[in-house]
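upload.csv follows (CSV, C-alpha atoms and all ligand atoms):
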chain,number,residue,atom,x,y,z
U,653,MET,CA,24.8,25.6,-7.2
U,654,TYR,CA,23.4,22.3,-5.9
U,655,SER,CA,19.8,22.4,-4.6
U,656,ASN,CA,17.9,19.9,-2.5
U,657,ASP,CA,14.2,20.7,-3.0
U,658,LEU,CA,13.1,17.5,-4.6
U,659,ARG,CA,9.5,16.8,-3.6
U,660,PRO,CA,6.7,17.2,-6.2
U,661,ASN,CA,4.8,20.5,-5.6
U,662,SER,CA,1.4,19.5,-6.9
U,663,LEU,CA,-0.6,16.5,-7.9
U,664,ASP,CA,0.1,17.5,-11.6
U,665,ASP,CA,3.9,17.3,-10.8
U,666,PHE,CA,3.5,13.8,-9.3
U,667,ILE,CA,4.7,11.2,-11.8
U,668,GLY,CA,3.1,7.8,-12.2
U,669,GLN,CA,0.2,6.2,-10.2
U,670,LYS,CA,-2.1,7.7,-12.9
U,671,GLU,CA,-5.3,6.0,-11.8
U,672,ILE,CA,-4.8,7.1,-8.2
U,673,ILE,CA,-4.1,10.7,-9.2
U,674,GLU,CA,-7.2,10.9,-11.4
U,675,ARG,CA,-9.4,9.5,-8.6
U,676,LEU,CA,-7.8,11.8,-6.1
U,677,LYS,CA,-8.4,14.8,-8.3
U,678,ILE,CA,-12.1,14.0,-8.5
U,679,MET,CA,-12.3,13.5,-4.7
U,680,LEU,CA,-10.6,16.8,-4.1
U,681,GLN,CA,-12.8,18.7,-6.6
U,682,SER,CA,-15.9,17.3,-5.0
U,683,ALA,CA,-14.7,18.1,-1.4
U,684,LYS,CA,-14.0,21.7,-2.5
U,685,ILE,CA,-17.4,22.1,-4.0
U,686,ARG,CA,-19.1,20.7,-0.9
U,687,SER,CA,-16.8,22.8,1.4
U,688,GLU,CA,-16.1,19.6,3.3
U,689,PRO,CA,-12.9,17.7,4.1
U,690,VAL,CA,-11.8,15.0,1.7
U,691,ASP,CA,-12.9,11.6,2.9
U,692,HIS,CA,-10.4,9.6,5.0
U,693,ILE,CA,-7.9,7.8,2.8
U,694,LEU,CA,-5.7,4.8,3.3
U,695,PHE,CA,-2.5,4.5,1.2
U,696,THR,CA,-0.9,1.0,1.1
U,697,GLY,CA,2.2,-0.3,-0.6
U,698,PRO,CA,5.9,-0.8,-0.1
U,699,PRO,CA,8.1,2.0,1.3
U,700,GLY,CA,9.3,4.9,-0.9
U,701,LEU,CA,6.5,4.8,-3.5
U,702,GLY,CA,5.1,8.2,-2.5
U,703,LYS,CA,2.5,7.7,0.2
U,704,THR,CA,3.7,10.6,2.5
U,705,THR,CA,4.2,12.8,-0.5
U,706,LEU,CA,0.6,12.3,-1.8
U,707,ALA,CA,-0.8,13.0,1.7
U,708,GLY,CA,1.1,16.3,1.8
U,709,LEU,CA,-0.1,17.2,-1.7
U,710,ILE,CA,-3.7,16.5,-0.8
U,711,SER,CA,-3.5,19.0,2.1
U,712,LYS,CA,-1.7,21.5,-0.2
U,713,GLU,CA,-4.5,21.2,-2.8
U,714,MET,CA,-7.1,21.7,0.0
U,715,GLY,CA,-5.3,24.8,1.2
U,716,SER,CA,-5.3,23.2,4.7
U,717,ASN,CA,-2.6,22.4,7.4
U,718,PHE,CA,-0.7,19.2,7.2
U,719,TYR,CA,0.1,17.3,10.4
U,720,PRO,CA,2.4,14.4,9.6
U,721,THR,CA,3.0,11.8,12.4
U,722,SER,CA,4.0,8.2,12.6
U,723,ALA,CA,2.2,5.5,14.7
U,724,PRO,CA,5.2,4.5,16.7
U,725,THR,CA,5.4,8.0,18.2
U,726,LEU,CA,1.7,8.0,19.1
U,727,THR,CA,2.0,5.8,22.2
U,728,LYS,CA,-0.4,7.7,24.5
U,729,THR,CA,-4.1,8.5,23.8
U,730,GLY,CA,-3.4,11.9,25.4
U,731,ASP,CA,-0.9,12.8,22.7
U,732,LEU,CA,-3.3,11.8,20.0
U,733,ALA,CA,-6.2,13.6,21.6
U,734,LYS,CA,-4.1,16.8,21.7
U,735,ILE,CA,-3.4,16.7,18.0
U,736,LEU,CA,-7.0,15.9,17.1
U,737,THR,CA,-8.3,18.9,19.1
U,738,LEU,CA,-5.8,21.2,17.4
U,739,LEU,CA,-7.0,20.3,13.9
U,740,ASN,CA,-8.9,23.0,11.9
U,741,LYS,CA,-11.7,22.3,9.4
U,742,ASN,CA,-10.3,20.3,6.3
U,743,ASP,CA,-6.8,19.8,7.9
U,744,VAL,CA,-5.0,16.6,6.9
U,745,PHE,CA,-3.8,14.4,9.8
U,746,PHE,CA,-1.3,11.9,8.4
U,747,ILE,CA,-0.4,8.7,10.3
U,748,ASP,CA,2.5,6.7,8.8
U,749,GLU,CA,2.8,3.0,9.7
U,750,ILE,CA,-0.8,3.2,10.9
U,751,HIS,CA,-0.9,-0.6,11.5
U,752,ARG,CA,1.4,0.0,14.5
U,753,LEU,CA,-1.0,2.2,16.3
U,754,PRO,CA,-1.7,1.1,19.9
U,755,ARG,CA,-5.2,-0.3,20.4
U,756,SER,CA,-6.3,2.5,22.7
U,757,CYS,CA,-5.3,5.2,20.2
U,758,GLU,CA,-7.0,3.3,17.4
U,759,GLU,CA,-10.2,3.2,19.4
U,760,LEU,CA,-10.0,7.0,20.0
U,761,LEU,CA,-9.9,7.5,16.2
U,762,TYR,CA,-13.2,5.6,15.6
U,763,SER,CA,-15.5,8.4,16.8
U,764,ALA,CA,-13.1,11.1,15.7
U,765,MET,CA,-13.2,9.8,12.1
U,766,GLU,CA,-16.9,9.0,12.0
U,767,ASP,CA,-18.7,11.6,14.1
U,768,HIS,CA,-16.0,14.2,14.9
U,769,TYR,CA,-15.8,13.9,18.6
U,770,ILE,CA,-13.6,12.1,21.2
U,771,ASP,CA,-14.5,10.9,24.6
U,772,ILE,CA,-11.7,11.2,27.1
U,773,ILE,CA,-11.5,10.0,30.7
U,774,LEU,CA,-10.4,12.4,33.3
U,775,GLY,CA,-9.2,11.2,36.7
U,776,GLU,CA,-9.1,7.6,38.0
U,777,GLY,CA,-11.2,5.1,39.9
U,778,ILE,CA,-14.7,6.1,41.1
U,779,THR,CA,-13.9,9.8,40.6
U,780,ALA,CA,-13.1,9.3,36.9
U,781,LYS,CA,-15.5,10.9,34.4
U,782,SER,CA,-15.7,10.9,30.7
U,783,ILE,CA,-16.0,14.1,28.8
U,784,ARG,CA,-16.9,14.5,25.2
U,785,ILE,CA,-14.8,16.9,23.1
U,786,PRO,CA,-16.1,18.0,19.7
U,787,LEU,CA,-13.7,18.1,16.8
U,788,GLN,CA,-13.5,20.0,13.5
U,789,PRO,CA,-14.2,17.8,10.4
U,790,PHE,CA,-10.7,16.7,9.2
U,791,THR,CA,-9.2,14.2,6.9
U,792,LEU,CA,-7.2,11.3,8.3
U,793,ILE,CA,-4.7,9.8,5.9
U,794,GLY,CA,-3.2,6.6,7.0
U,795,ALA,CA,-0.2,4.9,5.3
U,796,THR,CA,0.9,1.3,5.7
U,797,THR,CA,3.2,-1.2,4.2
U,798,ARG,CA,1.1,-3.9,5.8
U,799,SER,CA,-2.6,-3.4,5.0
U,800,GLY,CA,-3.3,-6.9,6.2
U,801,TYR,CA,-2.2,-5.9,9.7
U,802,LEU,CA,-4.8,-3.2,10.0
U,803,SER,CA,-7.8,-4.1,12.2
U,804,SER,CA,-11.1,-4.2,10.3
U,805,PRO,CA,-12.9,-1.6,12.4
U,806,LEU,CA,-10.2,0.9,11.6
U,807,LYS,CA,-10.0,-0.1,7.9
U,808,SER,CA,-13.7,0.2,7.5
U,809,ARG,CA,-13.6,3.8,8.6
U,810,PHE,CA,-11.5,4.9,5.6
U,811,GLY,CA,-13.6,6.0,2.7
U,812,ILE,CA,-11.1,4.6,0.2
U,813,GLU,CA,-8.0,2.5,0.0
U,814,PHE,CA,-5.4,3.3,-2.6
U,815,LYS,CA,-2.8,0.6,-3.3
U,816,LEU,CA,0.4,2.2,-4.7
U,817,SER,CA,2.2,0.1,-7.3
U,818,PHE,CA,5.9,-0.1,-8.3
U,819,TYR,CA,7.0,2.4,-10.9
U,820,SER,CA,7.7,1.7,-14.6
U,821,ILE,CA,11.2,2.4,-16.0
U,822,GLU,CA,9.6,5.2,-18.0
U,823,ASP,CA,8.1,7.0,-15.0
U,824,LEU,CA,11.3,6.5,-12.9
U,825,SER,CA,13.4,7.9,-15.8
U,826,PHE,CA,11.2,11.0,-15.8
U,827,ILE,CA,11.5,11.4,-12.0
U,828,ILE,CA,15.3,11.0,-12.3
U,829,LYS,CA,15.5,13.6,-15.0
U,830,LYS,CA,13.5,16.1,-13.1
U,831,ASN,CA,15.4,15.6,-9.9
U,832,ALA,CA,18.7,15.8,-11.8
U,833,GLU,CA,17.6,19.2,-13.1
U,834,VAL,CA,16.8,20.4,-9.6
U,835,MET,CA,20.2,19.2,-8.4
U,836,ASN,CA,21.9,20.9,-11.3
U,837,LEU,CA,23.3,17.6,-12.3
U,838,LYS,CA,23.8,17.0,-16.1
U,839,LEU,CA,23.0,13.5,-17.2
U,840,LYS,CA,24.0,12.3,-20.7
U,841,ASP,CA,21.2,10.8,-22.8
U,842,GLY,CA,20.2,7.4,-21.4
U,843,VAL,CA,21.8,7.7,-18.0
U,844,GLU,CA,18.4,8.2,-16.5
U,845,ILE,CA,17.4,4.8,-17.8
U,846,ILE,CA,20.4,3.1,-16.3
U,847,ILE,CA,19.6,4.6,-12.9
U,848,ALA,CA,15.9,3.7,-13.3
U,849,GLU,CA,16.7,0.1,-14.1
U,850,ASN,CA,18.6,-0.1,-10.9
U,851,SER,CA,16.2,1.6,-8.6
U,852,ARG,CA,14.0,-1.3,-7.4
U,853,MET,CA,11.1,0.3,-9.2
U,854,THR,CA,11.0,2.9,-6.3
U,855,PRO,CA,11.4,6.7,-6.6
U,856,ARG,CA,13.0,6.9,-3.1
U,857,GLU,CA,15.7,4.5,-4.3
U,858,ALA,CA,16.1,6.4,-7.6
U,859,ILE,CA,16.6,9.7,-5.8
U,860,ARG,CA,19.0,8.1,-3.3
U,861,ILE,CA,21.2,6.7,-6.1
U,862,LEU,CA,21.1,10.1,-7.9
U,863,LYS,CA,22.3,11.8,-4.8
U,864,ARG,CA,25.2,9.4,-4.3
U,865,ILE,CA,26.1,9.8,-8.0
U,866,ARG,CA,26.1,13.6,-7.4
U,867,ASP,CA,28.5,13.0,-4.4
U,868,PHE,CA,30.9,11.1,-6.6
U,869,ALA,CA,30.6,13.7,-9.3
U,870,ILE,CA,31.3,16.6,-7.0
U,871,THR,CA,34.3,15.0,-5.4
U,872,LYS,CA,35.8,14.2,-8.8
U,873,ASN,CA,34.8,17.5,-10.2
U,874,ILE,CA,32.8,15.8,-13.0
U,875,GLN,CA,30.4,18.2,-14.9
U,876,GLU,CA,28.4,15.6,-16.9
U,877,ILE,CA,27.4,12.1,-15.9
U,878,THR,CA,28.1,9.5,-18.6
U,879,LYS,CA,26.7,6.0,-18.8
U,880,GLU,CA,30.2,4.6,-17.8
U,881,PHE,CA,30.5,6.9,-14.8
U,882,ALA,CA,26.9,6.0,-13.7
U,883,LYS,CA,27.7,2.2,-14.0
U,884,GLU,CA,30.9,2.7,-12.0
U,885,CYS,CA,29.0,4.5,-9.3
U,886,LEU,CA,26.4,1.7,-9.1
U,887,LYS,CA,29.1,-0.8,-8.7
U,888,LYS,CA,30.7,1.2,-5.9
U,889,LEU,CA,27.3,1.5,-4.2
U,890,GLY,CA,26.9,-2.3,-4.2
U,891,ILE,CA,24.0,-2.4,-6.7
U,892,PHE,CA,23.7,-5.3,-9.0
U,893,LEU,CA,21.6,-6.2,-12.0
U,894,TYR,CA,17.9,-5.1,-11.7
U,895,GLY,CA,18.9,-2.9,-8.8
U,896,ILE,CA,19.5,-5.8,-6.5
U,897,ASN,CA,21.5,-4.8,-3.5
U,898,GLU,CA,23.8,-6.6,-1.1
U,899,LEU,CA,21.0,-7.8,1.2
U,900,ASP,CA,18.8,-9.0,-1.6
U,901,LYS,CA,21.8,-10.9,-2.9
U,902,LYS,CA,22.5,-12.3,0.5
U,903,ILE,CA,18.9,-13.5,0.8
U,904,LEU,CA,19.1,-15.3,-2.6
U,905,THR,CA,22.5,-16.8,-1.8
U,906,ILE,CA,21.4,-18.1,1.6
U,907,MET,CA,18.2,-19.6,0.1
U,908,TYR,CA,20.3,-21.4,-2.5
U,909,GLU,CA,23.3,-22.5,-0.4
U,910,ARG,CA,21.5,-23.4,2.8
U,911,PHE,CA,18.2,-24.6,1.5
U,912,SER,CA,18.8,-25.6,-2.1
U,913,GLY,CA,16.4,-22.9,-3.3
U,914,GLY,CA,13.8,-23.4,-0.6
U,915,PRO,CA,11.1,-23.4,0.7
U,916,VAL,CA,12.3,-21.2,3.5
U,917,GLY,CA,10.2,-19.5,6.2
U,918,ILE,CA,10.7,-15.7,7.0
U,919,LYS,CA,11.7,-16.5,10.6
U,920,THR,CA,14.6,-18.7,9.5
U,921,LEU,CA,15.8,-16.1,7.0
U,922,SER,CA,15.5,-13.4,9.6
U,923,SER,CA,17.7,-15.2,12.1
U,924,LEU,CA,20.3,-16.3,9.5
U,925,LEU,CA,20.6,-12.8,8.1
U,926,ASP,CA,20.3,-11.1,11.5
U,927,GLU,CA,17.6,-8.7,10.1
U,928,GLU,CA,14.2,-8.1,11.5
U,929,GLU,CA,11.3,-10.1,10.0
U,930,LYS,CA,9.5,-6.8,9.4
U,931,THR,CA,12.4,-5.3,7.4
U,932,LEU,CA,12.6,-8.4,5.2
U,933,SER,CA,8.9,-8.7,4.6
U,934,GLU,CA,8.2,-5.0,4.0
U,935,ASN,CA,11.4,-3.7,2.4
U,936,TYR,CA,12.8,-6.7,0.5
U,937,GLU,CA,10.2,-9.4,-0.2
U,938,PRO,CA,7.8,-7.3,-2.3
U,939,PHE,CA,10.6,-6.3,-4.6
U,940,LEU,CA,12.0,-9.8,-5.0
U,941,LEU,CA,8.5,-11.1,-5.6
U,942,LYS,CA,7.7,-8.4,-8.2
U,943,MET,CA,11.0,-9.1,-10.0
U,944,GLY,CA,10.1,-12.8,-10.2
U,945,LEU,CA,13.3,-13.8,-8.2
U,946,ILE,CA,11.3,-15.6,-5.5
U,947,GLU,CA,7.9,-17.1,-5.2
U,948,LYS,CA,5.7,-17.6,-2.2
U,949,THR,CA,4.3,-21.1,-1.5
U,950,SER,CA,2.3,-22.4,1.4
U,951,LYS,CA,5.6,-23.8,2.8
U,952,GLY,CA,7.7,-20.7,2.4
U,953,ARG,CA,9.7,-18.8,-0.2
U,954,ILE,CA,11.4,-20.5,-3.1
U,955,LEU,CA,14.0,-19.3,-5.6
U,956,THR,CA,13.0,-19.0,-9.2
U,957,GLN,CA,15.1,-19.9,-12.3
U,958,LYS,CA,15.7,-16.2,-12.8
U,959,ALA,CA,17.3,-15.9,-9.3
U,960,ILE,CA,19.5,-18.9,-10.1
U,961,GLU,CA,20.6,-17.2,-13.3
U,962,PHE,CA,21.4,-14.1,-11.4
U,963,LEU,CA,23.5,-15.9,-8.9
U,964,LYS,CA,25.3,-17.7,-11.7
U,965,TYR,CA,25.9,-14.4,-13.5
U,966,TYR,CA,27.6,-13.0,-10.3
U,967,GLU,CA,29.5,-16.3,-9.9
U,968,VAL,CA,27.9,-17.1,-6.6
U,969,LEU,CA,27.1,-20.4,-8.3
U,970,THR,CA,29.7,-21.9,-10.5
U,971,SER,CA,27.5,-24.5,-12.3
Q,1001,LIG,P1,6.5,6.6,1.2
Q,1001,LIG,O1,5.7,7.5,2.2
Q,1001,LIG,O2,5.6,5.7,0.4
Q,1001,LIG,O3,7.5,5.8,1.9
Q,1001,LIG,P2,7.6,9.1,0.2
Q,1001,LIG,O4,6.3,9.9,-0.1
Q,1001,LIG,O5,8.3,9.4,1.5
Q,1001,LIG,O6,7.3,7.5,0.2
Q,1001,LIG,O7,8.5,9.2,-1.1
Q,1001,LIG,C1,9.9,8.9,-1.1
Q,1001,LIG,C2,10.7,9.9,-1.9
Q,1001,LIG,O8,10.4,9.7,-3.3
Q,1001,LIG,C3,10.4,11.3,-1.6
Q,1001,LIG,O9,11.6,12.0,-1.8
Q,1001,LIG,C4,9.5,11.8,-2.7
Q,1001,LIG,O10,9.6,13.1,-3.0
Q,1001,LIG,C5,9.9,10.9,-3.9
Q,1001,LIG,N1,8.7,10.5,-4.7
Q,1001,LIG,C6,7.8,9.5,-4.4
Q,1001,LIG,N2,6.9,9.4,-5.4
Q,1001,LIG,C7,7.3,10.3,-6.4
Q,1001,LIG,C8,6.7,10.7,-7.6
Q,1001,LIG,N3,5.7,10.0,-8.1
Q,1001,LIG,N4,7.3,11.7,-8.3
Q,1001,LIG,C9,8.4,12.3,-7.8
Q,1001,LIG,N5,9.0,12.0,-6.6
Q,1001,LIG,C10,8.4,11.0,-5.9

Starting from the file, give its structure as structure tokens.
Amino acid sequence: MYSNDLRPNSLDDFIGQKEIIERLKIMLQSAKIRSEPVDHILFTGPPGLGKTTLAGLISKEMGSNFYPTSAPTLTKTGDLAKILTLLNKNDVFFIDEIHRLPRSCEELLYSAMEDHYIDIILGEGITAKSIRIPLQPFTLIGATTRSGYLSSPLKSRFGIEFKLSFYSIEDLSFIIKKNAEVMNLKLKDGVEIIIAENSRMTPREAIRILKRIRDFAITKNIQEITKEFAKECLKKLGIFLYGINELDKKILTIMYERFSGGPVGIKTLSSLLDEEEKTLSENYEPFLLKMGLIEKTSKGRILTQKAIEFLKYYEVLTS
């Protein structure tokens, strides 16, 4: 039987981000003793590191309802007001990609977060009137891959900001082992390390690779994943050394071939690769920087010696 229930069930189940977990536990304990909601929290960091998962776990620990939303779906203040008025005491309202919230919605949140009320305008022109609606004290959890894009009035209304970091091989290996167990997938010793080393230091990527390996295993009727089989799967998935994928490789190759290693601006890369600037700067750049494959200078990104060695290894460069 193959199962799919892969999310951690409690803060104790959550692997890695130790310091954040410890501080969250204290915040939760204090909120419970005070019978008040947890303070508003902002999670920042690259995609797939566990921001949404943590928000869900906080609500679970508080025994409250969880309302997950994403800023691009909150285009009208009316929609946002509706959710806010539905919240019960201690509920967790989660807004993903909060830096993309329209200005009007953001302004509605100021009084909601600080004083638990919203003012809404009914009608138009001279007949328009403002009415004040009280709200239950709730917790707003915002998540963003771009904390620099958040306005300071909104940022200052969060009680705390937690910056999630990339995962160590050890923590990822543990997550992979646990997920493989849930999937009923047998991994030979050390396979979890190979997957971890190729997961861009990100649990979402580790789980994605594990699922694809499971697909290959099921179709080939393989009962136990060996290192050789895992490596073969990684190759088929277009994953290179360090977990570099096709697009990372394309970025590095273009930087070398077209710009002799840089500096290159993000706009130029975006148009040459036909990828959105946002995708490059949120999903690719943090990993390439963290791996020491590129560096940022005031004039743009440049390739490092490590990147050049990588390109040589894969024979993109011949000398
Ligand atoms: P984000 O909101 O930061 O993009 P998510 O919370 O959606 O990331 O997590 C992506 C995936 O990785 C989910 O399947 C989640 O269960 C898993 N995951 C993230 N962090 C961990 C962790 N520390 N332990 C186990 N699984 C994790």

Would you tabulate, counting only C-alpha atoms and all ligand atoms, all residues of chain U that have an atom at most 6 Å from an atom of ligand LIG 1001 (chain Q), showing the closest pair of atoms and their distance in Å to one decimal, sorted by chain then ascending number, as a tab-separated table?
residue	atom	partner	partner_atom	distance
U:Leu658	CA	Q:LIG1001	O10	5.8
U:Arg659	CA	Q:LIG1001	O10	3.7
U:Pro660	CA	Q:LIG1001	C9	5.4
U:Phe666	CA	Q:LIG1001	N4	4.5
U:Ile667	CA	Q:LIG1001	N3	4.0
U:Gly668	CA	Q:LIG1001	N3	5.3
U:Pro699	CA	Q:LIG1001	O3	3.9
U:Gly700	CA	Q:LIG1001	O3	3.4
U:Leu701	CA	Q:LIG1001	O2	4.1
U:Gly702	CA	Q:LIG1001	O4	3.2
U:Lys703	CA	Q:LIG1001	O2	3.7
U:Thr704	CA	Q:LIG1001	O1	3.7
U:Thr705	CA	Q:LIG1001	O4	3.6
U:Ile827	CA	Q:LIG1001	C9	5.3
U:Pro855	CA	Q:LIG1001	O8	4.6
U:Arg856	CA	Q:LIG1001	O8	3.8

Could you write out that same residue set with C-alpha atoms as a compact mmCIF listing (two decimals), keeping the file's coordinate frame?
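The new file result.txt reads:
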# COMPACT_ATOMS: atom_id res chain seq x y z
CA LEU U 658 13.10 17.50 -4.60
CA ARG U 659 9.50 16.80 -3.60
CA PRO U 660 6.70 17.20 -6.20
CA PHE U 666 3.50 13.80 -9.30
CA ILE U 667 4.70 11.20 -11.80
CA GLY U 668 3.10 7.80 -12.20
CA PRO U 699 8.10 2.00 1.30
CA GLY U 700 9.30 4.90 -0.90
CA LEU U 701 6.50 4.80 -3.50
CA GLY U 702 5.10 8.20 -2.50
CA LYS U 703 2.50 7.70 0.20
CA THR U 704 3.70 10.60 2.50
CA THR U 705 4.20 12.80 -0.50
CA ILE U 827 11.50 11.40 -12.00
CA PRO U 855 11.40 6.70 -6.60
CA ARG U 856 13.00 6.90 -3.10

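One distance worth recording is that between CA of Lys840 in chain U and CA of Leu886 in chain U, which is 15.9 Å.
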
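With all atoms listed in the file taken into account, the protein and nucleic acid residues at most 8 Å from Glu713 in chain U (excluding it and anything under 5 positions from it in its own chain) are U:Ser662, U:Leu663, U:Leu680.
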
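The space between CA of Phe962 in chain U and CA of Thr797 in chain U spans 27.2 Å.
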
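Minimum atom-to-atom distance to Tyr965 in chain U, evaluated using all atoms listed in the file, belongs to U:Lys901 out of U:Arg953, U:Lys901, U:Arg752, U:Arg910.
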
Quick one, how far is CA of Pro915 in chain U from CA of Ser950 in chain U?
8.9 Å

Give the answer as one residue: which of U:Ile954, U:Ile903, U:Leu774, U:Met853 has the shortest atom-to-atom distance to Val916 in chain U, using all atoms listed in the file?
U:Ile954

Within 10 Å of Gly794 in chain U, counting only C-alpha atoms, which residues qualify if same-chain residues fewer than 4 places away don't, as a PyMOL selection string?
chain U and resi 692-696+703-704+707+720-723+745-751+807+810+813

How close does range 761-810 of chain U get to range 683-691 of chain U? List, as CSV, each residue of range 761-810 of chain U within 10 Å, its nearest atom pair and the distance in Å to one decimal, counting all atoms listed in the file.
residue,atom,partner,partner_atom,distance
U:Met765,CA,U:Asp691,CA,9.4
U:Gln788,CA,U:Pro689,CA,9.7
U:Pro789,CA,U:Pro689,CA,6.4
U:Phe790,CA,U:Pro689,CA,5.6
U:Thr791,CA,U:Pro689,CA,5.8
U:Leu792,CA,U:Asp691,CA,7.9
U:Ile793,CA,U:Asp691,CA,8.9
U:Arg809,CA,U:Asp691,CA,9.7
U:Phe810,CA,U:Asp691,CA,7.4

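Minimum atom-to-atom distances from U:Asp664, U:Leu676, U:Asn935, U:Tyr908 to Gln957 in chain U were compared using all atoms listed in the file, and the lowest value belongs to U:Tyr908.
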
Using only C-alpha atoms, the residue out of U:Ala848, U:Thr725, U:Phe814, U:Tyr801 with shortest distance to Lys930 in chain U is U:Tyr801

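Nearest to Ser817 in chain U of all the residues U:Lys948, U:Ile859, U:Pro938, U:Met679 is U:Pro938, counting all atoms listed in the file.
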
Excluding Ala869 in chain U and residues on its chain fewer than 4 positions from it, collect all residues at most 12 Å away from it, counting only C-alpha atoms, and give them as a list in words.
Tyr654, Met835, Asn836, Leu837, Lys838, Leu839, Leu862, Lys863, Arg864, Ile865, Asn873, Ile874, Gln875, Glu876, Ile877, Thr878, Phe881, Ala882, Glu884 and Cys885 of chain U

Check the smallest atom-to-atom distance from each of U:Leu945, U:Leu924, U:Ile710, U:Gly913 to Gln681 in chain U using all atoms listed in the file, then report the winner.
U:Ile710

Compile the contact shell of Asn897 in chain U as number ranges by chain: residues with an atom at most 12 Å away, counting all atoms listed in the file, same-chain residues fewer than 3 positions apart removed.
U: 850-852, 857, 861, 886-894, 900-904, 935-936, 939-940
